[in-house]
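One file, coords17.cif, is given below (mmCIF, C-alpha atoms).
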data_data
#
loop_
_atom_site.label_atom_id
_atom_site.label_comp_id
_atom_site.auth_asym_id
_atom_site.auth_seq_id
_atom_site.Cartn_x
_atom_site.Cartn_y
_atom_site.Cartn_z
CA MET Y 24 -25.61 -66.13 -37.68
CA ASN Y 25 -21.90 -65.65 -36.98
CA GLU Y 26 -19.59 -67.74 -34.78
CA ASP Y 27 -20.02 -65.59 -31.67
CA ALA Y 28 -23.82 -65.62 -31.85
CA PHE Y 29 -23.84 -69.39 -32.38
CA ALA Y 30 -21.48 -69.91 -29.42
CA LYS Y 31 -23.65 -67.71 -27.20
CA GLN Y 32 -26.71 -69.70 -28.23
CA LEU Y 33 -24.96 -72.89 -27.15
CA VAL Y 34 -23.78 -71.57 -23.78
CA LYS Y 35 -27.27 -70.29 -23.07
CA LYS Y 36 -28.45 -73.89 -23.24
CA LEU Y 37 -25.52 -74.99 -21.09
CA ASP Y 38 -26.50 -72.41 -18.48
CA ALA Y 39 -30.03 -73.76 -18.47
CA GLY Y 40 -28.63 -77.23 -17.78
CA LEU Y 41 -26.85 -76.14 -14.62
CA THR Y 42 -29.95 -76.77 -12.53
CA GLU Y 43 -30.01 -80.45 -13.44
CA LEU Y 44 -27.27 -81.67 -11.14
CA ARG Y 45 -28.06 -84.63 -8.91
CA PRO Y 46 -28.61 -83.80 -5.20
CA GLU Y 47 -25.55 -85.82 -4.10
CA VAL Y 48 -23.35 -83.86 -6.51
CA VAL Y 49 -24.74 -80.58 -5.20
CA GLU Y 50 -24.11 -81.75 -1.62
CA ARG Y 51 -20.55 -82.75 -2.41
CA LEU Y 52 -19.87 -79.39 -4.06
CA GLU Y 53 -21.36 -77.60 -1.08
CA SER Y 54 -19.25 -79.66 1.32
CA ALA Y 55 -16.09 -78.88 -0.70
CA ARG Y 56 -16.98 -75.19 -0.62
CA PHE Y 57 -17.42 -75.22 3.15
CA ARG Y 58 -14.05 -76.94 3.58
CA ALA Y 59 -12.43 -74.33 1.34
CA ARG Y 60 -14.09 -71.55 3.32
CA ASP Y 61 -12.82 -73.01 6.62
CA LEU Y 62 -9.32 -73.30 5.20
CA ALA Y 63 -9.43 -69.71 3.92
CA ARG Y 64 -10.63 -68.57 7.35
CA LEU Y 65 -7.73 -70.42 8.99
CA LYS Y 66 -5.21 -68.93 6.56
CA SER Y 67 -6.66 -65.43 6.90
CA HIS Y 68 -6.54 -65.80 10.71
CA GLY Y 69 -2.85 -66.75 10.45
CA HIS Y 70 -2.15 -63.60 8.47
CA ALA Y 71 -4.20 -61.57 10.92
CA VAL Y 72 -2.19 -62.90 13.89
CA HIS Y 73 1.08 -61.83 12.21
CA SER Y 74 -0.40 -58.43 11.45
CA ALA Y 75 -1.67 -58.15 15.03
CA HIS Y 76 1.84 -58.68 16.40
CA GLY Y 77 3.15 -55.90 14.18
CA LEU Y 78 0.33 -53.57 15.18
CA ALA Y 79 0.91 -54.32 18.88
CA VAL Y 80 4.55 -53.23 18.63
CA ILE Y 81 3.60 -50.04 16.78
CA GLY Y 82 0.91 -49.33 19.37
CA TRP Y 83 3.35 -49.75 22.27
CA VAL Y 84 5.83 -47.37 20.61
CA ARG Y 85 3.11 -44.75 20.18
CA GLN Y 86 1.95 -45.03 23.79
CA HIS Y 87 5.45 -44.95 25.28
CA ARG Y 88 7.12 -42.48 22.98
CA THR Y 89 9.59 -41.15 25.58
CA GLY Y 90 10.54 -44.64 26.69
CA ALA Y 91 11.00 -45.75 23.11
CA VAL Y 92 13.23 -42.77 22.28
CA GLY Y 93 15.26 -43.45 25.45
CA MET Y 94 15.68 -47.10 24.52
CA LEU Y 95 16.75 -46.10 21.05
CA LEU Y 96 19.35 -43.66 22.44
CA VAL Y 97 20.70 -46.31 24.85
CA LEU Y 98 20.92 -48.76 21.98
CA LEU Y 99 22.71 -46.17 19.82
CA LEU Y 100 25.12 -45.36 22.66
CA GLY Y 101 25.82 -49.08 23.13
CA VAL Y 102 26.61 -49.44 19.44
CA VAL Y 103 28.97 -46.45 19.51
CA VAL Y 104 30.78 -47.79 22.60
CA ALA Y 105 31.09 -51.22 21.06
CA MET Y 106 32.51 -49.74 17.85
CA TRP Y 107 34.99 -47.59 19.78
CA GLN Y 108 36.08 -50.58 21.85
CA ALA Y 109 36.56 -52.67 18.73
CA SER Y 110 38.61 -49.98 16.99
CA SER Y 111 40.89 -49.43 20.04
CA ASN Y 112 41.49 -53.19 20.35
CA GLY Y 113 42.38 -53.17 16.72
CA ASN Y 114 45.08 -50.51 17.35
CA ASP Y 115 46.60 -52.56 20.18
CA ASP Y 116 46.74 -55.60 17.96
CA THR Y 117 48.52 -53.58 15.26
CA ALA Y 118 51.08 -52.30 17.78
CA ASP Y 119 51.83 -55.85 18.98
CA VAL Y 120 52.32 -57.02 15.43
CA ASP Y 121 54.62 -54.09 14.65
CA ALA Y 122 56.70 -54.81 17.75
CA ALA Y 123 56.98 -58.48 16.86
CA LEU Y 124 58.12 -57.62 13.34
CA LEU Y 125 60.69 -55.12 14.55
CA THR Y 126 62.12 -57.45 17.19
CA GLY Y 127 62.33 -60.14 14.59
CA ASP Y 128 65.09 -58.11 12.89
CA LEU Y 129 67.33 -58.11 15.99
CA PRO Y 130 70.18 -60.61 16.19
CA VAL Y 131 69.94 -63.39 18.79
CA ASN Y 132 72.68 -61.79 20.92
CA ALA Y 133 70.58 -58.72 21.44
CA TYR Y 134 68.27 -60.77 23.62
CA LEU Y 135 71.01 -62.01 25.96
CA ASP Y 136 71.94 -60.25 29.20
CA ASN Y 137 74.48 -57.42 28.83
CA HIS Y 138 74.84 -58.01 25.15
CA LEU Y 139 71.99 -55.67 24.18
CA ASN Y 140 73.74 -52.64 25.62
CA LYS Y 141 77.01 -53.63 23.95
CA TRP Y 142 75.27 -54.20 20.69
CA THR Y 143 73.44 -50.89 20.77
CA ASP Y 144 76.60 -49.03 21.85
CA GLY Y 145 78.55 -50.70 19.09
CA ASN Y 146 75.92 -49.85 16.51
CA SER Y 147 75.62 -46.23 17.64
CA ASN Y 148 79.41 -45.82 17.27
CA MET S 7 -35.75 -59.48 -0.13
CA CYS S 8 -32.78 -59.38 2.23
CA VAL S 9 -29.37 -60.21 0.72
CA VAL S 10 -26.62 -61.03 3.19
CA LEU S 11 -23.32 -59.74 1.83
CA PRO S 12 -20.11 -61.54 2.83
CA VAL S 13 -18.17 -59.56 5.42
CA ASN S 14 -14.74 -61.18 5.46
CA ALA S 15 -12.35 -62.74 2.95
CA ALA S 16 -13.34 -66.34 3.72
CA ASP S 17 -17.03 -65.59 3.32
CA ARG S 18 -16.30 -63.67 0.12
CA LEU S 19 -14.45 -66.71 -1.21
CA SER S 20 -17.29 -69.01 -0.22
CA HIS S 21 -19.81 -66.69 -1.88
CA PHE S 22 -17.73 -66.66 -5.05
CA LEU S 23 -17.37 -70.46 -5.07
CA ALA S 24 -21.10 -70.92 -4.60
CA GLY S 25 -21.61 -69.01 -7.82
CA VAL S 26 -19.10 -70.92 -9.92
CA GLU S 27 -19.04 -74.45 -8.50
CA ARG S 28 -21.67 -75.92 -10.81
CA LYS S 29 -20.03 -74.56 -13.94
CA ALA S 30 -16.67 -75.73 -12.67
CA PHE S 31 -18.07 -79.21 -12.11
CA ARG S 32 -19.56 -79.33 -15.60
CA GLN S 33 -16.28 -78.13 -17.10
CA ALA S 34 -14.44 -80.88 -15.27
CA VAL S 35 -17.00 -83.49 -16.37
CA TYR S 36 -16.64 -82.41 -20.00
CA ALA S 37 -12.88 -82.70 -19.64
CA VAL S 38 -12.48 -85.98 -17.75
CA ARG S 39 -15.84 -87.69 -18.42
CA ASP S 40 -16.02 -89.07 -14.90
CA GLU S 41 -18.26 -87.49 -12.26
CA GLN S 42 -16.25 -88.65 -9.25
CA ALA S 43 -12.97 -87.50 -10.78
CA ALA S 44 -14.62 -84.19 -11.71
CA LEU S 45 -15.83 -83.69 -8.12
CA ASP S 46 -12.31 -84.42 -6.83
CA ILE S 47 -10.85 -81.93 -9.31
CA VAL S 48 -13.28 -79.16 -8.33
CA GLN S 49 -12.67 -79.83 -4.64
CA ASP S 50 -8.89 -79.74 -5.17
CA ALA S 51 -9.20 -76.47 -7.07
CA MET S 52 -11.33 -74.94 -4.30
CA MET S 53 -8.86 -76.00 -1.60
CA LYS S 54 -5.87 -74.70 -3.57
CA LEU S 55 -7.59 -71.35 -4.06
CA ALA S 56 -8.39 -71.13 -0.34
CA GLU S 57 -4.87 -72.13 0.64
CA LYS S 58 -2.92 -69.91 -1.75
CA TYR S 59 -5.22 -66.92 -2.11
CA PRO S 60 -7.40 -66.64 1.01
CA ASP S 61 -7.37 -62.85 0.88
CA ALA S 62 -7.47 -62.30 -2.89
CA PRO S 63 -9.64 -59.38 -4.05
CA GLU S 64 -13.04 -60.43 -5.33
CA ASN S 65 -12.37 -59.26 -8.90
CA GLU S 66 -9.28 -61.50 -9.16
CA LEU S 67 -11.01 -64.66 -7.96
CA PRO S 68 -12.55 -65.81 -11.30
CA LEU S 69 -9.22 -65.76 -13.15
CA LEU S 70 -7.32 -67.37 -10.27
CA PHE S 71 -9.92 -70.09 -9.84
CA GLN S 72 -10.09 -70.89 -13.56
CA ARG S 73 -6.31 -71.08 -13.75
CA ILE S 74 -6.17 -73.47 -10.81
CA LEU S 75 -9.07 -75.53 -12.16
CA GLN S 76 -7.52 -75.91 -15.62
CA ASN S 77 -4.15 -76.82 -14.11
CA THR S 78 -5.81 -79.42 -11.90
CA ILE S 79 -7.54 -80.90 -14.96
CA ARG S 80 -4.18 -81.01 -16.78
CA ASP S 81 -2.60 -82.72 -13.76
CA TYR S 82 -5.36 -85.32 -13.97
CA TYR S 83 -4.57 -85.88 -17.66
CA ARG S 84 -0.88 -86.29 -16.89
CA ARG S 85 -1.56 -88.81 -14.16
CA GLN S 86 -3.89 -90.72 -16.49
CA LYS S 87 -1.27 -90.67 -19.21
CA VAL S 88 1.41 -92.07 -16.90
CA ARG S 89 -1.02 -94.70 -15.63
CA ASN S 90 -2.03 -95.69 -19.17
CA PHE S 91 1.61 -95.90 -20.20
CA TRP S 92 2.32 -98.56 -17.62
CA VAL S 93 -1.02 -100.33 -17.96
CA SER S 94 -1.19 -100.57 -21.75
CA PRO S 95 1.55 -102.61 -23.44
CA MET S 96 0.80 -100.83 -26.71
CA SER S 97 1.68 -97.42 -25.28
CA PHE S 98 5.35 -98.02 -26.05
CA PHE S 99 4.62 -98.19 -29.78
CA ALA S 100 2.16 -95.29 -29.67
CA SER S 101 4.69 -93.00 -27.95
CA GLY S 102 6.67 -92.63 -31.19
CA GLN S 103 3.91 -90.47 -32.63
CA GLU S 104 4.38 -87.83 -29.95
CA ASP S 105 7.61 -86.39 -31.30
CA GLN S 106 5.85 -84.19 -33.83
CA GLU S 107 6.40 -80.47 -33.71
CA ASP S 108 3.83 -78.44 -31.75
CA HIS S 109 2.35 -81.65 -30.49
CA ASP S 110 -0.18 -81.17 -27.76
CA PRO S 111 -1.14 -84.49 -26.11
CA MET S 112 -4.42 -82.98 -24.96
CA GLU S 113 -5.47 -82.46 -28.57
CA HIS S 114 -5.77 -86.20 -28.89
CA VAL S 115 -7.89 -86.84 -25.86
CA GLN S 116 -11.12 -88.10 -27.33
CA ALA S 117 -14.48 -88.84 -25.87
CA THR S 118 -15.52 -92.27 -24.66
CA ASP S 119 -19.01 -93.68 -24.66
CA VAL S 120 -21.14 -91.46 -22.47
CA ASN S 121 -24.59 -92.81 -23.19
CA SER S 122 -24.71 -94.64 -19.87
CA ASP S 123 -23.63 -91.60 -17.89
CA PRO S 124 -26.39 -90.49 -15.48
CA PHE S 125 -25.32 -86.96 -16.23
CA TYR S 126 -26.91 -87.31 -19.67
CA VAL S 127 -29.84 -89.34 -18.49
CA LEU S 128 -30.80 -86.35 -16.39
CA ALA S 129 -30.45 -83.97 -19.30
CA THR S 130 -34.10 -83.80 -20.27
CA ASP S 131 -33.59 -81.33 -23.07
CA LYS S 132 -32.38 -83.33 -26.07
CA SER S 133 -30.56 -80.42 -27.62
CA LEU S 134 -28.75 -79.80 -24.34
CA ALA S 135 -27.63 -83.42 -24.21
CA SER S 136 -26.45 -83.18 -27.81
CA ILE S 137 -24.49 -80.02 -27.08
CA GLN S 138 -22.90 -81.58 -24.02
CA LYS S 139 -21.88 -84.67 -25.98
CA ALA S 140 -20.49 -82.50 -28.78
CA ILE S 141 -18.47 -80.45 -26.31
CA GLU S 142 -17.01 -83.61 -24.81
CA LYS S 143 -15.98 -84.79 -28.26
CA LEU S 144 -13.96 -81.65 -28.90
CA PRO S 145 -10.18 -81.88 -28.52
CA ALA S 146 -9.21 -80.78 -25.01
CA ARG S 147 -7.60 -77.44 -25.91
CA GLN S 148 -10.50 -76.45 -28.16
CA ARG S 149 -12.99 -77.34 -25.44
CA GLU S 150 -11.00 -75.40 -22.85
CA ALA S 151 -10.82 -72.32 -25.08
CA PHE S 152 -14.52 -72.51 -25.99
CA LEU S 153 -15.71 -72.88 -22.39
CA LEU S 154 -13.45 -70.17 -21.00
CA ARG S 155 -14.11 -67.71 -23.79
CA TYR S 156 -17.86 -68.15 -24.19
CA TRP S 157 -19.20 -69.87 -21.08
CA GLU S 158 -16.98 -68.11 -18.55
CA GLU S 159 -17.18 -64.95 -20.68
CA MET S 160 -13.46 -64.26 -20.41
CA ASP S 161 -11.80 -62.03 -22.97
CA VAL S 162 -9.09 -63.36 -25.28
CA ALA S 163 -6.23 -62.13 -23.07
CA GLU S 164 -7.69 -63.70 -19.92
CA THR S 165 -8.33 -66.97 -21.73
CA ALA S 166 -4.75 -66.96 -22.99
CA THR S 167 -3.49 -66.38 -19.44
CA VAL S 168 -5.51 -69.27 -18.06
CA MET S 169 -4.54 -71.60 -20.91
CA GLY S 170 -0.90 -70.56 -20.89
CA CYS S 171 -0.79 -69.85 -24.63
CA SER S 172 -0.85 -66.89 -27.01
CA GLU S 173 -3.95 -64.86 -27.82
CA GLY S 174 -3.67 -66.02 -31.43
CA SER S 175 -3.85 -69.64 -30.30
CA VAL S 176 -6.95 -68.87 -28.26
CA LYS S 177 -8.66 -67.35 -31.30
CA THR S 178 -7.69 -70.35 -33.43
CA HIS S 179 -8.88 -72.87 -30.83
CA CYS S 180 -12.16 -71.00 -30.36
CA SER S 181 -12.85 -70.74 -34.07
CA ARG S 182 -12.09 -74.42 -34.63
CA ALA S 183 -14.23 -75.39 -31.64
CA VAL S 184 -17.25 -73.43 -32.84
CA HIS S 185 -16.83 -74.81 -36.35
CA ALA S 186 -16.56 -78.38 -35.02
CA LEU S 187 -19.62 -77.93 -32.82
CA ALA S 188 -21.60 -76.53 -35.72
CA THR S 189 -20.65 -79.55 -37.83
CA MET S 190 -21.53 -82.03 -35.06
CA LEU S 191 -24.84 -80.33 -34.23
CA LYS S 192 -25.95 -79.63 -37.78
CA ASP S 193 -28.29 -82.63 -37.87
CA LYS S 194 -29.85 -81.45 -34.58
CA GLY S 195 -30.83 -78.19 -36.23
CA LEU S 196 -28.10 -76.19 -34.51
CA SER S 197 -25.70 -74.46 -36.86
CA TYR S 198 -24.59 -71.00 -37.85
CA GLU S 199 -23.84 -71.67 -41.49
#
What is this file in C-alpha cells?
Amino acid sequence: MNEDAFAKQLVKKLDAGLTELRPEVVERLESARFRARDLARLKSHGHAVHSAHGLAVIGWVRQHRTGAVGMLLVLLLGVVVAMWQASSNGNDDTADVDAALLTGDLPVNAYLDNHLNKWTDGNSN
Amino acid sequence: MCVVLPVNAADRLSHFLAGVERKAFRQAVYAVRDEQAALDIVQDAMMKLAEKYPDAPENELPLLFQRILQNTIRDYYRRQKVRNFWVSPMSFFASGQEDQEDHDPMEHVQATDVNSDPFYVLATDKSLASIQKAIEKLPARQREAFLLRYWEEMDVAETATVMGCSEGSVKTHCSRAVHALATMLKDKGLSYE
C-alpha cells in the first residue's frame, strides 16, 4: 500500500466518525449556520438595494428618452456657457493686469492735472 | 424523494455550510483540542464567510471557507501564544529557541492529554479513536496539510493556497504526516509499510 492509499483509508474512517457528534454540538453548529445565513441574506440584500437604485435610474432613462436627451443637452449648454463666461472673465483680468503694469512705468507727474498733456507733448517732440 | 435546491445566495451558503460544518468542527478540534474553542472557531469562520463573501459562487465556497477556517485557527494559536507568554514565567527563557531559520511555531504545538475528552469517549470504533489521537499528535502544519489534502480532497495547489506556502512544502508536510501516522498507528494494525 502506498502513502495515498493509506491516507485515504484513514480519512474513510474519519468520515465514518462524523456521525458521532453530540447533539448539543450539532445544535450549536446548526445555530451558527443559521446566523451566518441571516448575515449573508442581510449583506446580499444590501447589495441588491444598491443595484436596485442603479437599475431604477437606467429604467427612468429608458422610459423618458426624450426628456433625458433634453436634460443632457441643457446640461451641455450650461457647461459651454459657464466655460465661455470663465474664459471671457479671464481676458478682462489679463487686460487689467496689463494696464496696471503699463501705468506703473509712468512717472508720478503724469498722474497730476495738466502735467500729463505736457509730458506727452514733451515726449512726442 | 424531493430535494429542495437553494434558490438564493444566502440559502446556497447555508446549504454549503450544512455539508462542511461537521468536518470543520473536527478539524478545529484536532487543531485546538478544546470543543468549545473549536465551536467558536467554526462559528467565527462561518460568520466571516457570510460577511465577506455572501454572493460567492458555489464552486469557490470550499476554498474560501477553508482559508478562513485555517486563518481563524492560526489566530487562536497566536492569542494562546500571547496569553501563555504572559502567564508562564518560563516563556521568556523558551523564546530564545524561536530565532532559528524557517522556524514555524505551529510545528511545535503538541497534543495534550485527551483521554478524558468526551469526543473520544463517544468514538466507539477503537481504530477511529486511535486515528483521531494520532492526528492530534501531528505537528500543526503537517496536520493541516494532511486534512486539507486528503480529507477535504483538495489538490496540492489549493492546499498551498489555503496554507499560504509553496506546493513543495505541502508535499513535504503531507508525506511526513502520513509517515508519522503510519508509525503511530503501526501497533493498531494500520500501516502502509
Worksheet entry | Selection result of the PyMOL selection byres ((chain Y) within 12 of (chain S)) on this file, as a ChimeraX atom specification | /Y:24-71
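For the pair atom CA of S:Gln72 and atom CA of S:Arg85, the separation is 19.9 Å.
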Worksheet item: What gap, in Å, lies between atom CA of S:Ala34 and atom CA of S:Asp193?
Response: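 Computing it gives 26.6 Å between the two atoms.
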Worksheet, complete the sentence: atom CA of S:Gly170 sits from atom CA of S:Asn77 at a separation of 9.8 Å
Around stretch 37-49 of chain S, fit a box with edges along x, y and z, padding it by 3 Å on each side, then list its centre and edge lengths in Å to one decimal as AutoDock Vina command-line options.
--center_x -14.6 --center_y -84.1 --center_z -12.1 --size_x 13.4 --size_y 15.9 --size_z 21.0
